[in-house]
$ cat data-v1.cif   # mmCIF, C-alpha atoms
data_input
#
loop_
_atom_site.label_atom_id
_atom_site.label_comp_id
_atom_site.auth_asym_id
_atom_site.auth_seq_id
_atom_site.Cartn_x
_atom_site.Cartn_y
_atom_site.Cartn_z
CA MET A 1 -3.39 -18.13 -52.22
CA THR A 2 -6.97 -17.65 -51.09
CA ILE A 3 -8.03 -16.19 -47.79
CA ILE A 4 -8.97 -19.68 -46.63
CA ASP A 5 -5.53 -21.02 -47.53
CA SER A 6 -3.99 -18.17 -45.56
CA ALA A 7 -6.17 -18.92 -42.55
CA MET A 8 -5.29 -22.62 -42.79
CA ASN A 9 -1.62 -21.74 -42.83
CA ASP A 10 -2.13 -19.68 -39.68
CA VAL A 11 -3.88 -22.62 -38.07
CA ASN A 12 -1.02 -24.91 -39.02
CA GLY A 13 1.44 -22.51 -37.49
CA GLN A 14 2.93 -21.46 -40.85
CA ARG A 15 2.73 -17.73 -40.23
CA PRO A 16 4.07 -15.29 -42.80
CA GLN A 17 7.71 -14.26 -42.29
CA THR A 18 6.86 -10.55 -41.89
CA GLY A 19 5.28 -10.76 -38.39
CA ILE A 20 6.95 -10.04 -35.07
CA ARG A 21 9.06 -12.96 -33.93
CA LEU A 22 9.36 -13.23 -30.17
CA THR A 23 12.70 -14.06 -28.65
CA GLU A 24 13.06 -16.93 -26.20
CA GLN A 25 13.08 -14.46 -23.31
CA GLN A 26 9.92 -12.71 -24.54
CA LEU A 27 8.15 -16.04 -24.99
CA ARG A 28 9.13 -17.16 -21.50
CA ALA A 29 7.98 -13.84 -19.98
CA ARG A 30 4.65 -14.02 -21.84
CA ARG A 31 4.08 -17.57 -20.68
CA ALA A 32 4.80 -16.62 -17.06
CA ARG A 33 2.42 -13.64 -17.27
CA SER A 34 -0.32 -15.77 -18.85
CA LEU A 35 0.08 -18.35 -16.11
CA ALA A 36 -0.14 -15.67 -13.40
CA ILE A 37 -3.31 -14.21 -14.95
CA ALA A 38 -4.83 -17.70 -15.14
CA LEU A 39 -4.01 -18.38 -11.49
CA ALA A 40 -5.41 -14.98 -10.44
CA LEU A 41 -8.65 -15.60 -12.33
CA GLY A 42 -8.87 -19.11 -10.86
CA ALA A 43 -8.39 -17.69 -7.36
CA PHE A 44 -11.08 -15.06 -8.08
CA VAL A 45 -13.54 -17.80 -9.05
CA VAL A 46 -12.74 -19.74 -5.86
CA VAL A 47 -13.24 -16.60 -3.75
CA ILE A 48 -16.63 -15.87 -5.35
CA PHE A 49 -17.65 -19.51 -4.84
CA LEU A 50 -16.59 -19.55 -1.16
CA VAL A 51 -18.34 -16.26 -0.37
CA THR A 52 -21.49 -17.50 -2.12
CA ILE A 53 -21.49 -20.62 0.06
CA VAL A 54 -20.84 -18.59 3.22
CA ARG A 55 -23.52 -16.01 2.38
CA LEU A 56 -26.05 -18.71 1.52
CA GLY A 57 -25.15 -20.73 4.59
CA SER A 58 -28.04 -22.57 6.15
CA ASN A 59 -30.52 -20.29 4.35
CA VAL A 60 -30.44 -22.78 1.51
CA LEU A 61 -32.28 -25.25 3.72
CA THR A 62 -34.76 -22.78 5.20
CA GLY A 63 -35.68 -20.81 2.06
CA PRO A 64 -38.76 -21.47 -0.10
CA MET A 65 -38.29 -24.43 -2.42
CA MET B 1 -1.39 7.45 -47.76
CA SER B 2 1.16 5.82 -45.52
CA VAL B 3 0.69 5.23 -41.82
CA THR B 4 3.69 5.19 -39.54
CA LEU B 5 3.31 2.97 -36.53
CA ALA B 6 5.46 3.43 -33.45
CA ARG B 7 7.53 0.30 -32.99
CA VAL B 8 6.68 -1.31 -29.68
CA GLU B 9 8.98 -4.04 -28.42
CA PRO B 10 7.14 -7.09 -27.08
CA SER B 11 7.23 -7.03 -23.30
CA ILE B 12 9.84 -8.92 -21.32
CA ALA B 13 8.18 -8.06 -18.01
CA GLY B 14 7.96 -11.02 -15.68
CA VAL B 15 5.51 -11.68 -12.88
CA GLY B 16 8.07 -10.27 -10.42
CA ASP B 17 7.98 -6.90 -12.18
CA TYR B 18 4.22 -6.66 -11.73
CA ILE B 19 4.54 -7.66 -8.09
CA ALA B 20 7.17 -4.93 -7.66
CA LEU B 21 4.68 -2.43 -9.15
CA MET B 22 2.37 -3.18 -6.23
CA LYS B 23 4.98 -2.07 -3.64
CA PRO B 24 4.97 -5.28 -1.55
CA ARG B 25 6.60 -3.71 1.50
CA VAL B 26 4.03 -0.91 1.69
CA MET B 27 1.35 -3.51 1.04
CA SER B 28 2.51 -5.61 4.00
CA LEU B 29 2.15 -2.64 6.38
CA VAL B 30 -1.29 -1.88 4.93
CA VAL B 31 -2.40 -5.49 5.45
CA PHE B 32 -0.99 -5.53 8.97
CA THR B 33 -2.82 -2.36 10.07
CA ALA B 34 -6.01 -3.49 8.30
CA VAL B 35 -5.86 -6.82 10.18
CA ALA B 36 -5.60 -4.81 13.41
CA GLY B 37 -8.69 -2.80 12.42
CA LEU B 38 -10.58 -6.00 11.68
CA MET B 39 -9.52 -7.72 14.89
CA VAL B 40 -10.27 -4.91 17.33
CA ALA B 41 -13.70 -4.27 15.82
CA PRO B 42 -16.61 -5.53 17.90
CA GLY B 43 -18.90 -8.32 16.79
CA HIS B 44 -18.23 -11.38 14.70
CA ILE B 45 -17.09 -11.60 11.11
CA HIS B 46 -16.93 -14.92 9.26
CA PRO B 47 -13.28 -15.92 8.67
CA VAL B 48 -13.87 -16.30 4.92
CA ILE B 49 -15.41 -12.81 4.67
CA ALA B 50 -12.51 -11.41 6.77
CA PHE B 51 -10.00 -13.08 4.44
CA VAL B 52 -11.76 -11.70 1.35
CA ALA B 53 -11.84 -8.22 2.90
CA LEU B 54 -8.08 -8.37 3.55
CA LEU B 55 -7.44 -9.69 0.04
CA CYS B 56 -9.40 -6.79 -1.47
CA ILE B 57 -7.59 -4.25 0.74
CA THR B 58 -4.23 -5.79 -0.25
CA VAL B 59 -5.02 -5.70 -3.96
CA GLY B 60 -6.40 -2.15 -3.62
CA ALA B 61 -3.15 -1.04 -1.94
CA GLY B 62 -1.20 -2.73 -4.74
CA ALA B 63 -3.30 -0.89 -7.32
CA ALA B 64 -2.53 2.43 -5.64
CA GLY B 65 1.18 1.54 -5.67
CA ALA B 66 1.10 0.70 -9.39
CA LEU B 67 -0.72 3.93 -10.24
CA ASN B 68 1.81 5.86 -8.14
CA MET B 69 4.68 4.28 -10.08
CA TRP B 70 2.91 5.04 -13.38
CA TYR B 71 2.57 8.74 -12.58
CA ASP B 72 5.91 9.14 -10.79
CA ALA B 73 8.08 7.30 -13.35
CA ASP B 74 9.96 10.52 -14.19
CA ILE B 75 10.75 11.23 -10.53
CA ASP B 76 11.63 7.59 -9.81
CA ALA B 77 14.17 7.54 -12.65
CA ARG B 78 16.09 10.44 -11.06
CA MET B 79 16.29 9.03 -7.53
CA ALA B 80 18.79 6.38 -6.45
CA ARG B 81 16.24 4.77 -4.09
CA THR B 82 13.66 4.27 -6.84
CA ALA B 83 15.70 4.05 -10.08
CA ALA B 84 15.46 0.24 -10.09
CA ARG B 85 11.64 0.21 -10.14
CA PRO B 86 10.09 -1.61 -13.13
CA ILE B 87 9.20 1.47 -15.22
CA PRO B 88 12.53 3.37 -14.93
CA ARG B 89 14.34 0.09 -15.67
CA GLY B 90 12.30 -0.31 -18.86
CA ARG B 91 10.73 -3.63 -17.84
CA VAL B 92 7.16 -2.29 -17.83
CA THR B 93 5.81 0.61 -19.91
CA PRO B 94 3.88 3.41 -18.13
CA GLY B 95 0.75 2.40 -20.06
CA GLU B 96 1.01 -1.22 -18.87
CA ALA B 97 1.43 -0.04 -15.27
CA ALA B 98 -1.60 2.26 -15.60
CA GLY B 99 -3.73 -0.52 -17.08
CA PHE B 100 -2.61 -2.91 -14.36
CA GLY B 101 -3.32 -0.35 -11.62
CA PHE B 102 -6.76 0.73 -12.87
CA THR B 103 -7.85 -2.88 -13.41
CA LEU B 104 -6.80 -3.95 -9.92
CA ALA B 105 -8.38 -0.83 -8.38
CA ALA B 106 -11.71 -1.50 -10.10
CA PHE B 107 -11.69 -5.21 -9.20
CA SER B 108 -10.69 -4.69 -5.56
CA VAL B 109 -13.28 -1.98 -4.86
CA ALA B 110 -16.07 -3.83 -6.70
CA ALA B 111 -15.24 -7.13 -4.99
CA LEU B 112 -15.09 -5.51 -1.52
CA GLY B 113 -18.45 -3.82 -2.16
CA LEU B 114 -20.19 -6.92 -3.51
CA LEU B 115 -18.66 -9.54 -1.21
CA VAL B 116 -18.16 -7.66 2.09
CA ASN B 117 -19.97 -4.31 2.41
CA LEU B 118 -20.36 -0.93 0.75
CA ALA B 119 -18.88 1.15 3.59
CA ALA B 120 -15.55 -0.68 3.36
CA ALA B 121 -15.60 -0.47 -0.45
CA ALA B 122 -16.27 3.29 -0.36
CA LEU B 123 -13.37 3.78 2.07
CA LEU B 124 -11.04 1.67 -0.11
CA ALA B 125 -12.02 3.67 -3.20
CA PHE B 126 -11.43 6.91 -1.29
CA THR B 127 -8.02 5.65 -0.09
CA ILE B 128 -6.88 4.79 -3.63
CA PHE B 129 -8.22 8.13 -4.92
CA PHE B 130 -6.51 10.05 -2.11
CA TYR B 131 -3.15 8.31 -2.60
CA VAL B 132 -3.12 8.58 -6.40
CA VAL B 133 -4.85 11.90 -7.10
CA ILE B 134 -4.43 14.01 -3.95
CA TYR B 135 -0.96 12.78 -2.90
CA THR B 136 0.81 11.53 -6.05
CA ILE B 137 -0.60 13.82 -8.73
CA TRP B 138 -1.24 16.98 -6.73
CA LEU B 139 0.62 17.37 -3.41
CA LYS B 140 3.86 15.44 -3.92
CA ARG B 141 5.21 17.87 -6.52
CA SER B 142 3.74 21.05 -5.07
CA THR B 143 4.17 21.35 -1.30
CA PRO B 144 6.48 20.24 1.54
CA GLN B 145 3.28 19.27 3.41
CA ASN B 146 2.89 16.47 0.79
CA ILE B 147 3.52 13.56 3.12
CA VAL B 148 1.64 15.17 6.03
CA ILE B 149 -1.67 15.40 4.13
CA GLY B 150 -0.89 12.44 1.86
CA GLY B 151 -0.23 10.36 4.98
CA ALA B 152 -3.99 10.16 5.43
CA ALA B 153 -4.08 7.56 2.65
CA GLY B 154 -1.66 5.31 4.53
CA ALA B 155 -3.62 5.84 7.75
CA LEU B 156 -6.97 4.67 6.37
CA PRO B 157 -6.46 0.83 6.22
CA PRO B 158 -7.38 0.18 9.91
CA MET B 159 -10.60 2.12 9.27
CA ILE B 160 -11.30 -0.02 6.19
CA GLY B 161 -10.67 -3.15 8.29
CA TRP B 162 -13.05 -1.87 10.98
CA ALA B 163 -15.69 -0.95 8.39
CA ALA B 164 -15.36 -4.41 6.81
CA ALA B 165 -16.14 -6.00 10.17
CA THR B 166 -18.89 -3.66 11.37
CA GLY B 167 -20.27 -1.88 8.30
CA GLY B 168 -19.63 1.50 9.96
CA LEU B 169 -17.08 3.60 11.84
CA ALA B 170 -16.40 4.64 15.44
CA ILE B 171 -13.94 6.62 17.59
CA GLU B 172 -11.51 3.70 18.05
CA PRO B 173 -10.59 3.27 14.35
CA LEU B 174 -10.34 7.06 14.13
CA LEU B 175 -7.67 6.93 16.87
CA LEU B 176 -5.80 4.24 14.91
CA PHE B 177 -6.04 6.54 11.88
CA LEU B 178 -4.60 9.43 13.89
CA ILE B 179 -1.71 7.31 15.20
CA ILE B 180 -0.57 6.44 11.65
CA PHE B 181 -1.31 9.99 10.48
CA PHE B 182 1.02 11.53 13.09
CA TRP B 183 3.56 8.72 12.64
CA THR B 184 4.00 9.36 8.91
CA PRO B 185 5.78 12.77 9.00
CA PRO B 186 8.56 11.81 11.47
CA HIS B 187 9.00 8.52 9.61
CA PHE B 188 9.34 10.03 6.12
CA TRP B 189 11.17 13.20 7.18
CA ALA B 190 13.81 11.07 8.95
CA LEU B 191 14.33 9.31 5.59
CA SER B 192 14.26 12.54 3.60
CA LEU B 193 16.96 14.06 5.85
CA TYR B 194 19.54 11.64 4.48
CA ARG B 195 17.99 11.49 1.01
CA ALA B 196 17.58 15.28 0.62
CA GLN B 197 19.92 15.52 -2.39
CA ASP B 198 17.98 12.76 -4.13
CA TYR B 199 14.70 14.61 -3.63
CA ALA B 200 16.25 17.94 -4.69
CA ARG B 201 17.59 16.39 -7.91
CA ALA B 202 14.15 14.93 -8.67
CA GLY B 203 12.47 18.28 -7.95
CA VAL B 204 10.31 16.93 -5.11
CA PRO B 205 9.71 19.70 -2.53
CA MET B 206 10.36 17.60 0.57
CA LEU B 207 10.72 19.58 3.80
CA PRO B 208 14.55 19.36 4.04
CA VAL B 209 14.83 20.61 0.44
CA VAL B 210 12.45 23.55 0.92
CA ALA B 211 12.83 24.54 4.57
CA GLY B 212 16.25 23.04 5.40
CA ALA B 213 17.46 20.24 7.65
CA ARG B 214 17.15 22.29 10.84
CA GLU B 215 13.44 23.00 10.41
CA THR B 216 12.85 19.36 9.43
CA ARG B 217 14.52 18.15 12.64
CA ARG B 218 12.32 20.55 14.64
CA GLN B 219 9.17 19.32 12.90
CA ILE B 220 10.14 15.66 13.48
CA LEU B 221 10.40 16.40 17.21
CA LEU B 222 7.05 18.24 17.27
CA TYR B 223 5.16 15.47 15.51
CA THR B 224 6.82 12.81 17.70
CA LEU B 225 5.76 14.74 20.82
CA ILE B 226 2.15 14.48 19.60
CA LEU B 227 2.52 10.88 18.41
CA ALA B 228 3.89 9.29 21.60
CA PRO B 229 1.02 10.32 23.95
CA LEU B 230 -1.52 9.70 21.18
CA GLY B 231 -0.17 6.17 20.74
CA ALA B 232 -0.48 5.47 24.47
CA SER B 233 -3.91 7.15 24.80
CA LEU B 234 -5.80 4.01 23.81
CA TRP B 235 -4.97 2.57 27.25
CA PRO B 236 -6.44 5.31 29.51
CA LEU B 237 -9.34 5.75 27.09
CA GLY B 238 -10.25 2.11 27.69
CA TYR B 239 -9.74 0.89 24.13
CA ALA B 240 -6.70 -1.24 25.03
CA GLY B 241 -5.26 -2.96 28.09
CA PRO B 242 -1.96 -2.73 29.97
CA ILE B 243 -0.02 -4.96 27.53
CA TYR B 244 -0.63 -2.42 24.80
CA GLY B 245 -0.36 0.58 27.13
CA CYS B 246 3.06 -0.31 28.55
CA THR B 247 4.44 -1.13 25.08
CA ALA B 248 3.14 2.17 23.70
CA LEU B 249 4.65 4.11 26.61
CA VAL B 250 8.10 2.48 26.32
CA ALA B 251 8.21 2.60 22.51
CA GLY B 252 6.89 6.18 22.56
CA ALA B 253 9.66 7.16 24.97
CA GLY B 254 12.13 5.57 22.55
CA MET B 255 10.67 7.60 19.68
CA ILE B 256 10.95 10.84 21.67
CA ALA B 257 14.54 10.02 22.70
CA LEU B 258 15.45 9.41 19.05
CA ALA B 259 13.63 12.57 17.91
CA LEU B 260 15.64 14.55 20.47
CA ARG B 261 18.85 13.03 19.10
CA VAL B 262 17.76 13.87 15.54
CA HIS B 263 16.97 17.41 16.71
CA ALA B 264 20.41 17.79 18.32
CA GLU B 265 22.28 16.26 15.37
CA ARG B 266 24.17 18.76 13.24
CA ASP B 267 26.54 16.67 11.10
CA GLY B 268 25.90 13.24 9.67
CA HIS B 269 22.66 11.28 9.63
CA ALA B 270 23.22 8.48 12.14
CA ALA B 271 20.29 9.54 14.33
CA SER B 272 17.86 10.09 11.44
CA LYS B 273 18.68 6.66 9.99
CA GLN B 274 18.06 5.13 13.42
CA MET B 275 14.83 7.10 13.73
CA PHE B 276 13.62 5.85 10.33
CA GLY B 277 14.31 2.23 11.28
CA PHE B 278 12.87 2.50 14.78
CA SER B 279 9.71 4.26 13.56
CA ILE B 280 8.81 1.13 11.55
CA LEU B 281 9.37 -1.02 14.63
CA TYR B 282 7.29 1.43 16.70
CA LEU B 283 4.23 1.18 14.46
CA PHE B 284 4.62 -2.59 14.16
CA LEU B 285 4.84 -2.97 17.96
CA LEU B 286 1.81 -0.78 18.61
CA PHE B 287 -0.48 -2.64 16.23
CA ALA B 288 0.92 -6.08 17.14
CA MET B 289 0.36 -5.40 20.86
CA LEU B 290 -3.13 -4.08 20.16
CA MET B 291 -3.94 -7.43 18.55
CA VAL B 292 -2.22 -9.42 21.33
CA ASP B 293 -4.14 -7.34 23.84
CA ARG B 294 -7.43 -8.08 22.10
CA ILE B 295 -6.72 -11.80 21.73
CA SER B 296 -5.57 -12.22 25.34
CA GLY B 297 -8.48 -10.07 26.56
CA GLY B 298 -10.85 -12.30 24.64
CA LEU B 299 -9.27 -15.42 26.11
CA PHE B 300 -9.42 -14.04 29.66
CA GLY B 301 -13.00 -13.02 28.97
CA HIS B 302 -13.90 -16.58 28.01
CA ILE B 303 -12.09 -17.99 31.05
CA ALA B 304 -13.94 -15.54 33.31
CA VAL B 305 -17.25 -16.62 31.78
#

$ encode --input "data-v1.cif" --output "structure tokens"
Amino acid sequence: MTIIDSAMNDVNGQRPQTGIRLTEQQLRARRARSLAIALALGAFVVVIFLVTIVRLGSNVLTGPM
Amino acid sequence: MSVTLARVEPSIAGVGDYIALMKPRVMSLVVFTAVAGLMVAPGHIHPVIAFVALLCITVGAGAAGALNMWYDADIDARMARTAARPIPRGRVTPGEAAGFGFTLAAFSVAALGLLVNLAAAALLAFTIFFYVVIYTIWLKRSTPQNIVIGGAAGALPPMIGWAAATGGLAIEPLLLFLIIFFWTPPHFWALSLYRAQDYARAGVPMLPVVAGARETRRQILLYTLILAPLGASLWPLGYAGPIYGCTALVAGAGMIALALRVHAERDGHAASKQMFGFSILYLFLLFAMLMVDRISGGLFGHIAV
């Protein structure tokens, strides 16, 4: 099997049998953690956006074009 | 050449475990006192900026809690009160807790500095440093004065709140700092009186373990005798009105009465348990009334105008 075949297998989800297999509980926990990180990052983006708007305020209209 | 890799089990830690690492109950008191600092500060702060400041302070406090649990995992495992924390229970590894704590600390300080102001960010960084390095790593294991000096970290949030609103500091937030600073020893020593065996087993030199219960009861009374007038002093000094003043006087009298009972107690821990519970109520009442006082004062001010 070539390297490309191996990569294709990985893409198709046919991973070699020797890797770590997560239990149902571990998969669930990982999914919950990933979701929490995504929500936290989303919230961070919203916070930066809101503060940018507040800091800019009406200066957007009065600044040089 | 063969390389042996340590087998690491994939994590089963849930979101709740990471929230527990942040010590939510401590965090709630930090937020509450920081809100008070923000509200009593003069001038105007945009509600969005105030919210962001509180969010950063909350996350910063959580980071300090996680780093505390990372360093103190060995102590926590030997104490009944803390044995169920995520690291002793094996839900989170110490390395994961450290990574979590350092990341949150860096984000919270950087965000506070960039989005609010540098003075508040510097104070938050100092608070996290003081709690983790000075209290957790150095003092907690070495001296019975650990919670006296370490209490400064818990007393700083109103000053951070004030700095977030004004960009500087003044006497008033310093008084709020002193109130929490003198509140901390009676609060924690009341707890340590009935948890002394726990602390002794974990090798933490809390005052009852090192100097005995009698000396601890005496020290609780001494600190409470300083705390009660200090708590009420904001009224005569003109920083708060009668709503706050009367509450501080009555609650302070309650604290002194309980401290006297703790001092007189020889067997059992009924009084010290009561003192521990009431001390939380005392601090809550003082800061809540300070905010009520400020809000009602503002309203009356508007009506007068």

$ interface_residues --input "data-v1.cif" --of "chain A" --to "chain B" --cutoff "8 Å" --atoms "all atoms listed in the file" --output "ChimeraX atom specification"
/A:22,25-26,29-30,32-33,36,47-48,50-51,54

$ atom_distance --input "data-v1.cif" --atom1 "CA of Gly154 (chain B)" --atom2 "CA of Ala34 (chain B)"
10.5 Å

$ residues_around --input "data-v1.cif" --residues "region 74-79 of chain B" --least-positions-apart "3" --cutoff "6 Å" --atoms "all atoms listed in the file" --output "PyMOL selection string"
chain B and resi 82-83+88+198+202

$ atom_distance --input "data-v1.cif" --atom1 "CA of Asp17 (chain B)" --atom2 "CA of Ala152 (chain B)"
27.3 Å

$ atom_distance --input "data-v1.cif" --atom1 "CA of Ala259 (chain B)" --atom2 "CA of Ala190 (chain B)"
9.1 Å

$ resolve_selection --input "data-v1.cif" --expression "the PyMOL selection byres ((chain B and resi 262) around 12)" --output "PyMOL selection string"
chain B and resi 186-187+189-191+193-194+213-222+224+255-261+263-276

$ residues_around --input "data-v1.cif" --residues "Leu21 (chain B)" --least-positions-apart "3" --cutoff "8 Å" --atoms "all atoms listed in the file" --output "list in words"
Asp17, Tyr18, Gly62, Gly65, Ala66, Met69, Arg85, Pro86 and Ala97 of chain B

$ resolve_selection --input "data-v1.cif" --expression "the PyMOL selection byres ((chain B and resi 131) around 10)" --output "VMD selection string"
chain B and resid 61 64 to 65 67 to 68 126 to 130 132 to 139 149 to 154

$ residues_around --input "data-v1.cif" --residues "Leu112 (chain B)" --least-positions-apart "5" --cutoff "7 Å" --atoms "all atoms listed in the file" --output "list in words"
Ala53, Cys56, Asn117, Ala120 and Ala121 of chain B

$ resolve_selection --input "data-v1.cif" --expression "the PyMOL selection byres ((chain B and resi 181) around 8)" --output "PyMOL selection string"
chain B and resi 148+151-152+154-155+177-180+182-185

$ write_last_selection --input "data-v1.cif" --atoms "C-alpha atoms" --output "PDB file, in the coordinates of the input"
ATOM      1  CA  VAL B 148       1.640  15.170   6.030  1.00  0.00           C
ATOM      2  CA  GLY B 151      -0.230  10.360   4.980  1.00  0.00           C
ATOM      3  CA  ALA B 152      -3.990  10.160   5.430  1.00  0.00           C
ATOM      4  CA  GLY B 154      -1.660   5.310   4.530  1.00  0.00           C
ATOM      5  CA  ALA B 155      -3.620   5.840   7.750  1.00  0.00           C
ATOM      6  CA  PHE B 177      -6.040   6.540  11.880  1.00  0.00           C
ATOM      7  CA  LEU B 178      -4.600   9.430  13.890  1.00  0.00           C
ATOM      8  CA  ILE B 179      -1.710   7.310  15.200  1.00  0.00           C
ATOM      9  CA  ILE B 180      -0.570   6.440  11.650  1.00  0.00           C
ATOM     10  CA  PHE B 182       1.020  11.530  13.090  1.00  0.00           C
ATOM     11  CA  TRP B 183       3.560   8.720  12.640  1.00  0.00           C
ATOM     12  CA  THR B 184       4.000   9.360   8.910  1.00  0.00           C
ATOM     13  CA  PRO B 185       5.780  12.770   9.000  1.00  0.00           C
TER      14      PRO B 185
END

$ closest_residue --input "data-v1.cif" --among "B:Tyr244, B:Ala36, B:Ser296, B:Val59" --to "Ala164 (chain B)" --atoms "all atoms listed in the file"
B:Ala36

$ axis_aligned_box --input "data-v1.cif" --around "region 128-131 of chain B" --padding-each-side "5 Å" --output "lines of an AutoDock Vina configuration file"
center_x = -5.7
center_y = 7.4
center_z = -3.5
size_x = 15.1
size_y = 15.3
size_z = 12.8

$ closest_residue --input "data-v1.cif" --among "B:Leu237, B:Ala63, B:Val40, B:Leu123" --to "Pro24 (chain B)" --atoms "all atoms listed in the file"
B:Ala63

$ closest_residue --input "data-v1.cif" --among "B:Tyr239, B:Trp162, B:Tyr199, B:Phe278" --to "Ala41 (chain B)" --atoms "all atoms listed in the file"
B:Trp162
